[in-house]
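Trainee: I am attaching a structure below and will ask some questions about it afterwards.
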Amino acid sequence: MASSLGQAFVLLGLLASAVGAPVGYYAGARGSERALDLARKLALAFALSMLLATLIMEWALVTHDFSVSYVAHVGSLATPLHITIVSLWSSLEGSILFWGLILGVFTTLLTLLQKGHTEYLGYTLGTVLSVAVFFCFLIAGPANPFAPTPAPIPVDGPGPNPLLQNHVLMIIHPPMLYMGYVGMTVPFAMAVAALLRGSLTPAWLRPLRNWLLVPTGFLSLGIMLGGWWSYEVLGWGGYWAWDPVENASFLPWLTAVAAVHSAIVLERRGTLKAWTLILVMVSFLLTILGTFLTRSGVVNSVHSFTQSPIGPMFLSFLALCLVAVVLLLALRIDQLVSEPGDDAVVGRESAFLLNNLLLVALMFTVLVGTLFPIIAEAVRGVKVSVGEPYFNRMAIPISLGLLLLLGIGPALPWGRTDSRAVRRALLRPLPAGAAGAVLCWLLGGHDGSVLLTSFLAGYALWVTFDQGSRPARRRLGRGEGAAGAAGGALRRAPRLVGAYVVHLGVIVTFVAIAISSVFQSSAEATLAPGQEMEIGDYRLRFEEVGLEQQPHLEAEKARSRSSTTARTRARSSRRSTSTARSVSRSRRRRCGRRPHDLYLTLMNVAANGTIGLRAIRTPGVVWIWIGVLVMVAGTVLCLVPPGGGASAARGGGRRGVNARVLWIGALIVVPLVVFLGLSFGHDPHLIDSPLIDKPAPPFALRSLDGEEVSLAQMGGQPVVLNFWATWCQPCVAEHPVLQEYARRYAGKVHFVGVIYQDESSNIRSFVERRGGWGPSLVDPGSQVAIRYGVYGAPETFFIDRDGVVRKKVTGPMGPGILDAYLSEVL
Amino acid sequence: MSRVAVALALGLVVVAPLAAQAQEGFRVEVDEADLAQLGEPEGRALTGEELTERAHAVASLMRCPSCQGLSVADSHTPASAAMRAKVERLLALGYSQEQVLSYFEASFGEFIRLAPRAEGFNLFVWIAPVAILLAGFALVVWRIRSARRARLAAADLEAFRERVRAEVER
């Protein structure tokens, strides 16, 4: 029932958007009020269908209707209600439906809130609904959450991904990012409308900028919450790892911020029209690229999503959008003429240009770094990593440049200025910068980069306060009271004040990132109950280990008590494993007053009652979240409508196709799509071993029975060397296969197992229960695993009688592989 | 000289594992096979705080084999702990950062390096962003210059017109 009803609404949404898109374009082209009215109604119909489809899915989830495939996939009777509700976005199909809902919400807001501008609105609705067609198509076909469960219908399900249950941030962080991603559709559509009309008037720029600010604010929030979640849950004490999925959310944010700034120049001077539109459209394209990277499984990521059939769909959609954008630009770029008048690029304007340059260069760097593993695999056939060291080395100088501009840009006067005025404006904040650096030195930051950061931050802070308080100070000068002046400034110039609030947030975030990365410290210890360890000025005392049972969640919990010199604080750290799925993550739990900068990870609990505890102190990390929240607050302030009249419309430049745009566009689009397309079929987790056809690294280890086994004593017989563990499901799965082959090839091939990251006791009891297939070697300190370059378990090396590695298999082996590879070494 | 270094290194192999054992709970061995692969130490033997710092820096350039995207320095899997210990041993023996990274690369492949080695095709990832930045900078400068030139030219033209008008009127 729910299944067919849901599908019906999705098809209705598809119909409404598929009809609405051409109607919208028609309304735009002909200026027909009636067509526009119809397009509005169809847009609302699309939004309503999405809402109803989502409600039906929620109903199915809450009532545990396992006849709906998505519910059978993520639902479970034992899951608490609030988790069941949010499991809508815990897996691919549901999150695409959720995506459709958000697009519906934005479409509704656009249809109802955007008054006037009928000449642009038809094209805008047409474009939004075209994007809606794509998403409805995904929901109706390749990622259909409403598909009926094949019989027999299960009575219970596995429950959502345990990560979702682990932390509240996992519940709120994806919707924020989705709002940012999906919300980019609206400014994109408005930019496309401006291009289709061949003119961008100031009156259209203003709503465009506001609609751009909304998703940008959500992206800021989503990125921050993602970092916070990483810090709280992933258990390594960091918040940003330059992971492909994190980068994917950062890319559109960078171009959107660049567009917000170039729009200011455009508003003031009437220049940079095409450039601003390009930035807006690129932001949208990057959200599609980001979704592709996140969902297609072509890159290695912490936020591991499974490979899904929608990867090629997203790539096709991305390619389609790219081609459309390039063609549109080529056709219309010459019609977007700059406003005549004073187009002298001096003073603050050049700072804006540099700001755009640095933001785009940073975006390009992150993009190249993220995609390079795919490119290198296509060109060289080798897997390479591009990780934190690369991004830090490349991005930090650019970011410091941005911080510098954050200071000098707003200090510069607009328009024509003489160099003496410029010099005076730039010299005035210098003492504040010096004060920042001195303060940093006194606090113990002697590192060059952190000193530079604090100098630039002090400088920028002074300028930000000076400029941001200008409207209020003007009012104070006119004799208004302090509160009245501040209120009046907020009312009359919310955008200006809001912009500087955003800058303030950026400065706070910068300083917090610098401090937290320079002063981070960590300590590890093995503690018996009652023992203490120290980190910074914290002393941690381990008290007891307890076991905690939750529906669907079984957790080991270690309680420890810490004391600083004056106060006593209790805190606990626990490691949780889900009974239903093999995903396990460490996380800490708040208990009493917990210092925000201390991170505890319970590494292991030994049989004798001692625990391995890792403590990481990251001072100032909380200020990163606060800084971003300030940025979001400033963004909201920027959206408050200020007073002011619209200026006259303008348009009509040269008609025709701009060949240059076509060439440049093709140069960007073709390689991008080709490399992304080539990435399919490569599993990012399969890494070729450089040991193939090289002598096998020697080893001499003791087996569980205490007998010494070495490669040298194999006496001219081939060896099958298998790294395995009892915690590894694929290893358990291939165990009987190995038993069978070890028996069949007894006397001809040595089958040798090496224990990978597991306790000897586990292996011993496993072998007692299930039988073995060869010696199980204890590898103290993973020395042999390191020498063989083992990335995980199971991995199997086939060594021929001359002691040369011939083949390596990652993952479990079936009889087929074993037959083929054994014949190579025999 | 280098012979002495190797002899010293071999001597240290005997002594140092005890320290490593106390720290990590197992022996970190550097045997003949390792020495044959590593060649002669190109750096200088590190000790104390400097060793800890360098070891952390080198470990943060390596990908933790069994995690996703984390460095060996940040991860706390047993394999990463073992790799950290080995990095520290090798640095203590005087091997350079590049030698240590190459040692691990020989068994794990290029994938183990979190920052691609700047050579061959990999140069693209290092150079392309810088090239874009420089090209963009040139574009911005050109734009500012040409705008200024246009303004000056306009001012010149105006002055010329003014002169012509004055001439005609006279």
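Residue numbers start at 1 in each chain; chains themselves are named A, B, ... in the order of the structure tokens; ligands are numbered from 1 in the order shown.
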Determine which residues of chain B DSSP labels as alpha helix (DSSP H) from the backbone of this structure, then write them out as a short mmCIF file (atom, residue, chain, number, x, y, z; two decimals) with N, CA and C atoms, in the first residue's frame.
Mentor:
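Saved to part-v1.cif:
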```
data_model
loop_
_atom_site.label_atom_id
_atom_site.label_comp_id
_atom_site.auth_asym_id
_atom_site.auth_seq_id
_atom_site.Cartn_x
_atom_site.Cartn_y
_atom_site.Cartn_z
N SER B 2 81.10 5.79 6.46
CA SER B 2 79.78 5.17 6.36
C SER B 2 79.81 3.77 6.97
N ARG B 3 80.97 3.12 6.87
CA ARG B 3 81.09 1.81 7.50
C ARG B 3 80.88 1.93 9.01
N VAL B 4 81.49 2.98 9.56
CA VAL B 4 81.34 3.22 10.99
C VAL B 4 79.87 3.41 11.32
N ALA B 5 79.19 4.17 10.46
CA ALA B 5 77.77 4.44 10.71
C ALA B 5 76.98 3.14 10.72
N VAL B 6 77.29 2.26 9.75
CA VAL B 6 76.56 0.99 9.69
C VAL B 6 76.86 0.16 10.93
N ALA B 7 78.13 0.14 11.33
CA ALA B 7 78.50 -0.62 12.52
C ALA B 7 77.75 -0.07 13.73
N LEU B 8 77.73 1.25 13.81
CA LEU B 8 77.01 1.91 14.90
C LEU B 8 75.54 1.52 14.86
N ALA B 9 75.02 1.54 13.65
CA ALA B 9 73.61 1.22 13.47
C ALA B 9 73.34 -0.19 13.95
N LEU B 10 74.21 -1.12 13.54
CA LEU B 10 74.02 -2.51 13.94
C LEU B 10 74.12 -2.64 15.45
N GLY B 11 75.03 -1.86 16.03
CA GLY B 11 75.16 -1.87 17.49
C GLY B 11 73.88 -1.40 18.14
N LEU B 12 73.31 -0.36 17.57
CA LEU B 12 72.08 0.20 18.14
C LEU B 12 70.93 -0.79 18.05
N VAL B 13 70.94 -1.58 16.96
CA VAL B 13 69.86 -2.54 16.77
C VAL B 13 69.73 -3.42 18.00
N VAL B 14 70.88 -3.76 18.59
CA VAL B 14 70.86 -4.65 19.74
C VAL B 14 70.31 -3.93 20.97
N VAL B 15 70.70 -2.68 21.12
CA VAL B 15 70.34 -1.95 22.35
C VAL B 15 68.92 -1.38 22.27
N ALA B 16 68.64 -0.76 21.13
CA ALA B 16 67.42 0.04 21.05
C ALA B 16 66.12 -0.74 21.20
N PRO B 17 66.01 -1.99 20.72
CA PRO B 17 64.72 -2.66 20.85
C PRO B 17 64.20 -2.69 22.27
N LEU B 18 65.12 -2.72 23.25
CA LEU B 18 64.68 -2.77 24.65
C LEU B 18 63.84 -1.55 24.97
N ALA B 19 64.33 -0.39 24.51
CA ALA B 19 63.58 0.85 24.76
C ALA B 19 62.24 0.80 24.06
N ALA B 20 62.27 0.35 22.81
CA ALA B 20 61.03 0.29 22.03
C ALA B 20 60.05 -0.67 22.67
N GLN B 21 60.59 -1.77 23.21
CA GLN B 21 59.74 -2.77 23.82
C GLN B 21 59.01 -2.18 25.02
N ALA B 22 59.75 -1.43 25.81
CA ALA B 22 59.14 -0.82 26.99
C ALA B 22 58.01 0.11 26.57
N GLN B 23 58.20 0.76 25.43
CA GLN B 23 57.24 1.77 25.02
C GLN B 23 56.01 1.16 24.37
N GLU B 24 56.22 0.27 23.43
CA GLU B 24 55.10 -0.21 22.62
C GLU B 24 54.71 -1.64 22.95
N GLU B 32 68.79 -7.79 8.71
CA GLU B 32 69.67 -7.64 7.53
C GLU B 32 68.86 -7.31 6.28
N ALA B 33 67.70 -7.95 6.15
CA ALA B 33 66.88 -7.70 4.96
C ALA B 33 66.53 -6.21 4.88
N ASP B 34 66.16 -5.65 6.03
CA ASP B 34 65.84 -4.22 6.07
C ASP B 34 67.06 -3.39 5.70
N LEU B 35 68.20 -3.75 6.30
CA LEU B 35 69.41 -2.97 6.06
C LEU B 35 69.80 -3.02 4.60
N ALA B 36 69.65 -4.20 3.99
CA ALA B 36 69.99 -4.34 2.58
C ALA B 36 69.10 -3.43 1.74
N GLN B 37 67.84 -3.36 2.15
CA GLN B 37 66.90 -2.56 1.38
C GLN B 37 67.12 -1.07 1.59
N LEU B 38 67.47 -0.72 2.83
CA LEU B 38 67.57 0.70 3.19
C LEU B 38 68.84 1.34 2.66
N GLY B 48 66.12 11.78 21.56
CA GLY B 48 65.34 12.61 22.47
C GLY B 48 64.14 13.26 21.82
N GLU B 49 63.92 14.52 22.20
CA GLU B 49 62.72 15.23 21.75
C GLU B 49 62.71 15.42 20.24
N GLU B 50 63.90 15.69 19.70
CA GLU B 50 64.00 15.90 18.25
C GLU B 50 63.52 14.65 17.52
N LEU B 51 63.91 13.48 18.03
CA LEU B 51 63.51 12.22 17.42
C LEU B 51 61.99 12.07 17.46
N THR B 52 61.38 12.35 18.63
CA THR B 52 59.93 12.23 18.76
C THR B 52 59.23 13.13 17.77
N GLU B 53 59.72 14.37 17.67
CA GLU B 53 59.09 15.32 16.77
C GLU B 53 59.21 14.91 15.32
N ARG B 54 60.41 14.51 14.91
CA ARG B 54 60.62 14.11 13.53
C ARG B 54 59.79 12.86 13.21
N ALA B 55 59.75 11.93 14.17
CA ALA B 55 59.01 10.68 13.93
C ALA B 55 57.53 11.01 13.71
N HIS B 56 57.01 11.96 14.50
CA HIS B 56 55.62 12.34 14.32
C HIS B 56 55.42 12.97 12.95
N ALA B 57 56.38 13.83 12.56
CA ALA B 57 56.25 14.51 11.27
C ALA B 57 56.29 13.50 10.12
N VAL B 58 57.21 12.53 10.20
CA VAL B 58 57.30 11.55 9.11
C VAL B 58 56.07 10.65 9.10
N ALA B 59 55.60 10.26 10.30
CA ALA B 59 54.42 9.39 10.37
C ALA B 59 53.19 10.10 9.82
N PRO B 78 46.76 -1.04 15.76
CA PRO B 78 48.04 -1.68 16.10
C PRO B 78 49.06 -1.56 14.97
N ALA B 79 48.59 -1.70 13.72
CA ALA B 79 49.55 -1.62 12.61
C ALA B 79 50.19 -0.24 12.56
N SER B 80 49.39 0.80 12.80
CA SER B 80 49.96 2.15 12.77
C SER B 80 50.93 2.35 13.92
N ALA B 81 50.59 1.81 15.08
CA ALA B 81 51.50 1.92 16.23
C ALA B 81 52.83 1.26 15.87
N ALA B 82 52.74 0.10 15.22
CA ALA B 82 53.97 -0.60 14.83
C ALA B 82 54.75 0.21 13.81
N MET B 83 54.02 0.85 12.88
CA MET B 83 54.72 1.64 11.87
C MET B 83 55.37 2.87 12.49
N ARG B 84 54.67 3.48 13.45
CA ARG B 84 55.27 4.62 14.16
C ARG B 84 56.57 4.20 14.83
N ALA B 85 56.51 3.04 15.51
CA ALA B 85 57.70 2.56 16.22
C ALA B 85 58.84 2.33 15.23
N LYS B 86 58.49 1.78 14.06
CA LYS B 86 59.53 1.49 13.08
C LYS B 86 60.13 2.79 12.52
N VAL B 87 59.25 3.77 12.28
CA VAL B 87 59.73 5.07 11.79
C VAL B 87 60.73 5.64 12.80
N GLU B 88 60.36 5.55 14.06
CA GLU B 88 61.21 6.11 15.10
C GLU B 88 62.56 5.39 15.14
N ARG B 89 62.52 4.05 15.01
CA ARG B 89 63.76 3.28 15.02
C ARG B 89 64.65 3.71 13.85
N LEU B 90 64.05 3.82 12.68
CA LEU B 90 64.85 4.12 11.49
C LEU B 90 65.45 5.51 11.59
N LEU B 91 64.68 6.46 12.11
CA LEU B 91 65.22 7.82 12.27
C LEU B 91 66.33 7.82 13.31
N ALA B 92 66.16 7.02 14.35
CA ALA B 92 67.18 6.95 15.38
C ALA B 92 68.47 6.37 14.83
N GLN B 97 64.33 11.14 6.10
CA GLN B 97 62.88 11.05 5.89
C GLN B 97 62.57 10.33 4.58
N GLU B 98 63.29 10.70 3.53
CA GLU B 98 63.04 10.10 2.22
C GLU B 98 63.33 8.61 2.23
N GLN B 99 64.42 8.21 2.92
CA GLN B 99 64.75 6.79 3.01
C GLN B 99 63.66 6.02 3.74
N VAL B 100 63.16 6.62 4.83
CA VAL B 100 62.12 5.95 5.61
C VAL B 100 60.87 5.77 4.76
N LEU B 101 60.47 6.85 4.07
CA LEU B 101 59.27 6.77 3.24
C LEU B 101 59.44 5.75 2.12
N SER B 102 60.63 5.74 1.50
CA SER B 102 60.88 4.77 0.43
C SER B 102 60.84 3.34 0.96
N TYR B 103 61.32 3.17 2.19
CA TYR B 103 61.31 1.84 2.79
C TYR B 103 59.88 1.31 2.85
N PHE B 104 58.96 2.14 3.33
CA PHE B 104 57.56 1.69 3.43
C PHE B 104 56.92 1.59 2.05
N GLU B 105 57.34 2.48 1.16
CA GLU B 105 56.78 2.46 -0.19
C GLU B 105 57.10 1.14 -0.88
N ALA B 106 58.29 0.58 -0.55
CA ALA B 106 58.70 -0.66 -1.21
C ALA B 106 57.74 -1.80 -0.92
N SER B 107 57.09 -1.79 0.25
CA SER B 107 56.15 -2.88 0.52
C SER B 107 54.70 -2.46 0.32
N PHE B 108 54.36 -1.20 0.57
CA PHE B 108 52.96 -0.78 0.48
C PHE B 108 52.61 -0.13 -0.85
N LEU B 123 53.90 15.74 -10.75
CA LEU B 123 54.19 17.17 -10.69
C LEU B 123 52.94 17.99 -10.98
N PHE B 124 52.04 17.39 -11.77
CA PHE B 124 50.81 18.11 -12.14
C PHE B 124 50.08 18.61 -10.91
N VAL B 125 49.93 17.74 -9.91
CA VAL B 125 49.14 18.11 -8.75
C VAL B 125 49.82 19.21 -7.94
N TRP B 126 51.13 19.31 -8.05
CA TRP B 126 51.85 20.35 -7.32
C TRP B 126 51.90 21.66 -8.10
N ILE B 127 52.01 21.55 -9.43
CA ILE B 127 52.25 22.75 -10.23
C ILE B 127 50.95 23.42 -10.67
N ALA B 128 49.94 22.61 -11.02
CA ALA B 128 48.72 23.18 -11.60
C ALA B 128 48.11 24.30 -10.72
N PRO B 129 47.95 24.09 -9.40
CA PRO B 129 47.36 25.17 -8.60
C PRO B 129 48.21 26.44 -8.62
N VAL B 130 49.53 26.26 -8.57
CA VAL B 130 50.41 27.43 -8.57
C VAL B 130 50.29 28.16 -9.91
N ALA B 131 50.23 27.36 -11.00
CA ALA B 131 50.10 27.96 -12.33
C ALA B 131 48.82 28.76 -12.43
N ILE B 132 47.73 28.19 -11.94
CA ILE B 132 46.44 28.89 -11.99
C ILE B 132 46.51 30.18 -11.19
N LEU B 133 47.13 30.09 -10.02
CA LEU B 133 47.24 31.27 -9.15
C LEU B 133 48.02 32.38 -9.86
N LEU B 134 49.16 32.00 -10.48
CA LEU B 134 49.98 33.01 -11.15
C LEU B 134 49.25 33.59 -12.36
N ALA B 135 48.62 32.71 -13.15
CA ALA B 135 47.89 33.19 -14.31
C ALA B 135 46.78 34.14 -13.89
N GLY B 136 46.06 33.75 -12.84
CA GLY B 136 44.98 34.60 -12.34
C GLY B 136 45.51 35.94 -11.85
N PHE B 137 46.66 35.88 -11.19
CA PHE B 137 47.25 37.11 -10.68
C PHE B 137 47.62 38.04 -11.83
N ALA B 138 48.20 37.45 -12.89
CA ALA B 138 48.56 38.25 -14.06
C ALA B 138 47.29 38.89 -14.65
N LEU B 139 46.22 38.14 -14.68
CA LEU B 139 44.96 38.64 -15.23
C LEU B 139 44.44 39.82 -14.41
N VAL B 140 44.51 39.68 -13.09
CA VAL B 140 44.03 40.75 -12.21
C VAL B 140 44.86 42.01 -12.42
N VAL B 141 46.19 41.83 -12.45
CA VAL B 141 47.07 42.98 -12.64
C VAL B 141 46.78 43.65 -13.98
N TRP B 142 46.62 42.82 -15.01
CA TRP B 142 46.33 43.35 -16.34
C TRP B 142 45.03 44.15 -16.32
N ARG B 143 44.05 43.63 -15.62
CA ARG B 143 42.75 44.29 -15.56
C ARG B 143 42.86 45.65 -14.88
N ILE B 144 43.59 45.64 -13.74
CA ILE B 144 43.75 46.90 -13.02
C ILE B 144 44.49 47.92 -13.89
N ARG B 145 45.59 47.45 -14.54
CA ARG B 145 46.39 48.32 -15.39
C ARG B 145 45.56 48.90 -16.53
N SER B 146 44.82 47.98 -17.22
CA SER B 146 44.11 48.44 -18.42
C SER B 146 43.00 49.40 -18.03
N ALA B 147 42.39 49.17 -16.88
CA ALA B 147 41.35 50.09 -16.42
C ALA B 147 41.97 51.47 -16.16
N ARG B 148 43.16 51.45 -15.55
CA ARG B 148 43.81 52.73 -15.26
C ARG B 148 44.19 53.44 -16.56
N ARG B 149 44.71 52.60 -17.51
CA ARG B 149 45.12 53.18 -18.78
C ARG B 149 43.90 53.80 -19.48
N ALA B 150 42.78 53.06 -19.45
CA ALA B 150 41.57 53.57 -20.10
C ALA B 150 41.15 54.89 -19.48
N ARG B 151 41.30 54.96 -18.15
CA ARG B 151 40.89 56.18 -17.46
C ARG B 151 41.80 57.34 -17.88
N LEU B 152 43.12 57.06 -17.92
CA LEU B 152 44.07 58.10 -18.30
C LEU B 152 43.81 58.55 -19.73
N ALA B 153 43.56 57.54 -20.61
CA ALA B 153 43.31 57.87 -22.02
C ALA B 153 42.08 58.75 -22.14
N ALA B 154 41.03 58.39 -21.37
CA ALA B 154 39.80 59.18 -21.40
C ALA B 154 40.10 60.60 -20.94
N ALA B 155 40.92 60.72 -19.90
CA ALA B 155 41.26 62.05 -19.39
C ALA B 155 42.03 62.85 -20.45
N ASP B 156 42.98 62.14 -21.14
CA ASP B 156 43.76 62.79 -22.20
C ASP B 156 42.84 63.31 -23.30
N LEU B 157 41.91 62.42 -23.70
CA LEU B 157 41.00 62.77 -24.78
C LEU B 157 40.20 64.00 -24.42
N GLU B 158 39.74 64.01 -23.17
CA GLU B 158 38.94 65.14 -22.70
C GLU B 158 39.76 66.43 -22.77
N ALA B 159 41.03 66.33 -22.34
CA ALA B 159 41.91 67.51 -22.35
C ALA B 159 42.13 67.99 -23.78
N PHE B 160 42.30 67.01 -24.70
CA PHE B 160 42.52 67.35 -26.11
C PHE B 160 41.30 68.08 -26.68
N ARG B 161 40.12 67.50 -26.38
CA ARG B 161 38.88 68.11 -26.85
C ARG B 161 38.76 69.55 -26.34
N GLU B 162 39.11 69.68 -25.09
CA GLU B 162 39.04 70.98 -24.45
C GLU B 162 39.92 71.98 -25.22
N ARG B 163 41.14 71.47 -25.56
CA ARG B 163 42.09 72.35 -26.27
C ARG B 163 41.54 72.73 -27.63
N VAL B 164 41.01 71.70 -28.35
CA VAL B 164 40.47 71.94 -29.69
C VAL B 164 39.34 72.97 -29.61
N ARG B 165 38.46 72.75 -28.61
CA ARG B 165 37.35 73.68 -28.46
C ARG B 165 37.86 75.11 -28.25
N ALA B 166 38.89 75.21 -27.41
CA ALA B 166 39.45 76.53 -27.12
C ALA B 166 40.04 77.15 -28.40
N GLU B 167 40.76 76.31 -29.19
CA GLU B 167 41.36 76.79 -30.43
C GLU B 167 40.29 77.31 -31.38
N VAL B 168 39.21 76.48 -31.51
CA VAL B 168 38.15 76.81 -32.46
C VAL B 168 37.48 78.12 -32.06
N GLU B 169 37.26 78.23 -30.76
CA GLU B 169 36.56 79.42 -30.29
C GLU B 169 37.39 80.69 -30.51
#
```
Trainee: What residues in chain A lie within 7 Å of chain B, counting only C-alpha atoms, written as a PyMOL selection string?
Mentor: chain A and resi 236+243+300-302+343-346+353+357+361+364-365+368-369+372+383-390+689-691+757+780-782+787-789+791-792
Trainee: Would you pick out the contacts of Leu277 of chain A at 10 Å or less, using only C-alpha atoms, so that residues sharing its chain but fewer than 2 positions from it are not included, and give the list as a PyMOL selection string?
Mentor: chain A and resi 187-188+190-192+194-195+200+205+208+259+262-263+272-275+279-283+329+333
Trainee: Set the distance at 9 Å and use only C-alpha atoms: which residues neighbour segment 178-183 of chain A once local chain neighbours fewer than 4 positions away are removed? I'd like the list as a PyMOL selection string.
Mentor: chain A and resi 95+98-100+102-103+106+173-174+187+211-212+214-222+249+252-253+284+286-288+290-291
Trainee: Per DSSP on the backbone, what are the strand (DSSP E or B) residues of chain B, as a PyMOL selection string?
Mentor: chain B and resi 62-63+71+113
Trainee: Within 9 Å of segment 514-525 of chain A, counting only C-alpha atoms, which residues qualify if same-chain residues fewer than 6 places away don't, as a list in words?
Mentor: Gly237, Gly238, Gly445, Asp447, Ser449, Val450, Thr453, Ser454, Glu532, Met533, Glu534, Ile535, Gly536, Ile611, Gly612, Leu613, Arg614, Ala615, Ile616, Arg617, Thr618, Pro619, Gly620, Val621 and Ile624 of chain A
Trainee: Emit the selected residues as a tab-separated table (two decimals), in the first residue's frame, including C-alpha atoms.
Mentor:
```tsv
chain	number	residue	atom	x	y	z
A	237	GLY	CA	41.28	14.07	17.87
A	238	GLY	CA	41.03	16.00	14.60
A	445	GLY	CA	53.20	30.55	20.29
A	447	ASP	CA	56.05	29.11	15.66
A	449	SER	CA	53.07	30.42	11.00
A	450	VAL	CA	51.05	30.95	14.16
A	453	THR	CA	48.36	34.22	11.68
A	454	SER	CA	47.95	36.17	14.89
A	532	GLU	CA	46.75	8.04	36.62
A	533	MET	CA	48.11	9.68	33.52
A	534	GLU	CA	48.84	13.31	32.77
A	535	ILE	CA	48.33	15.45	29.72
A	536	GLY	CA	48.91	19.19	29.77
A	611	ILE	CA	42.86	-0.29	29.64
A	612	GLY	CA	44.78	1.42	26.88
A	613	LEU	CA	43.81	5.08	26.94
A	614	ARG	CA	44.78	7.72	24.44
A	615	ALA	CA	44.29	11.34	25.44
A	616	ILE	CA	44.50	14.18	22.96
A	617	ARG	CA	44.40	17.79	24.02
A	618	THR	CA	43.34	20.26	21.35
A	619	PRO	CA	43.22	23.73	22.91
A	620	GLY	CA	40.80	26.20	21.42
A	621	VAL	CA	38.95	23.69	19.28
A	624	ILE	CA	36.24	26.85	15.60
```
Trainee: Which neighbours of Pro815 of chain A fall inside 12 Å, counting only C-alpha atoms, when residues of the same chain fewer than 2 positions from it are skipped, and could you give them as a ChimeraX atom specification?
Mentor: /A:734-742,744,812-813,817-822
Trainee: Interatomic distance between atom CA of Arg478 of chain A and atom CA of Trp462 of chain A?
Mentor: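 These atoms are spaced 23.1 Å apart.
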Trainee: For segment 16-27 of chain A, please output as a list in words all residues within 7 Å (counting only C-alpha atoms; exclusion window: fewer than 6 positions along the same chain).
Mentor: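 Counting only C-alpha atoms, the residues come to Glu33, Ala35, Leu36, Ala39, Leu42, Ala43, Ala45, Phe46, Gly122, Tyr123, Leu125, Gly126, Thr127, Leu129, Ser130, Ala132 and Val133 of chain A.
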Trainee: Using only C-alpha atoms, find the one residue out of A:Pro312, A:Gly716, A:Pro698, A:Gly656 that sits nearest to Val673 of chain A.
Mentor: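 Among the listed residues, A:Pro312 lies closest to Val673 of chain A.
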Trainee: Between atom CA of Val379 of chain A and atom CA of Val805 of chain A, what is the spacing in Å?
Mentor: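 Between these atoms lies a distance of 25.9 Å.
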Trainee: For atom CA of Leu639 of chain A and atom CA of Gly270 of chain A, determine how far apart the two atoms are, in Å to one decimal place.
Mentor: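 We find that atom CA of Leu639 of chain A and atom CA of Gly270 of chain A lie 21.3 Å from each other.
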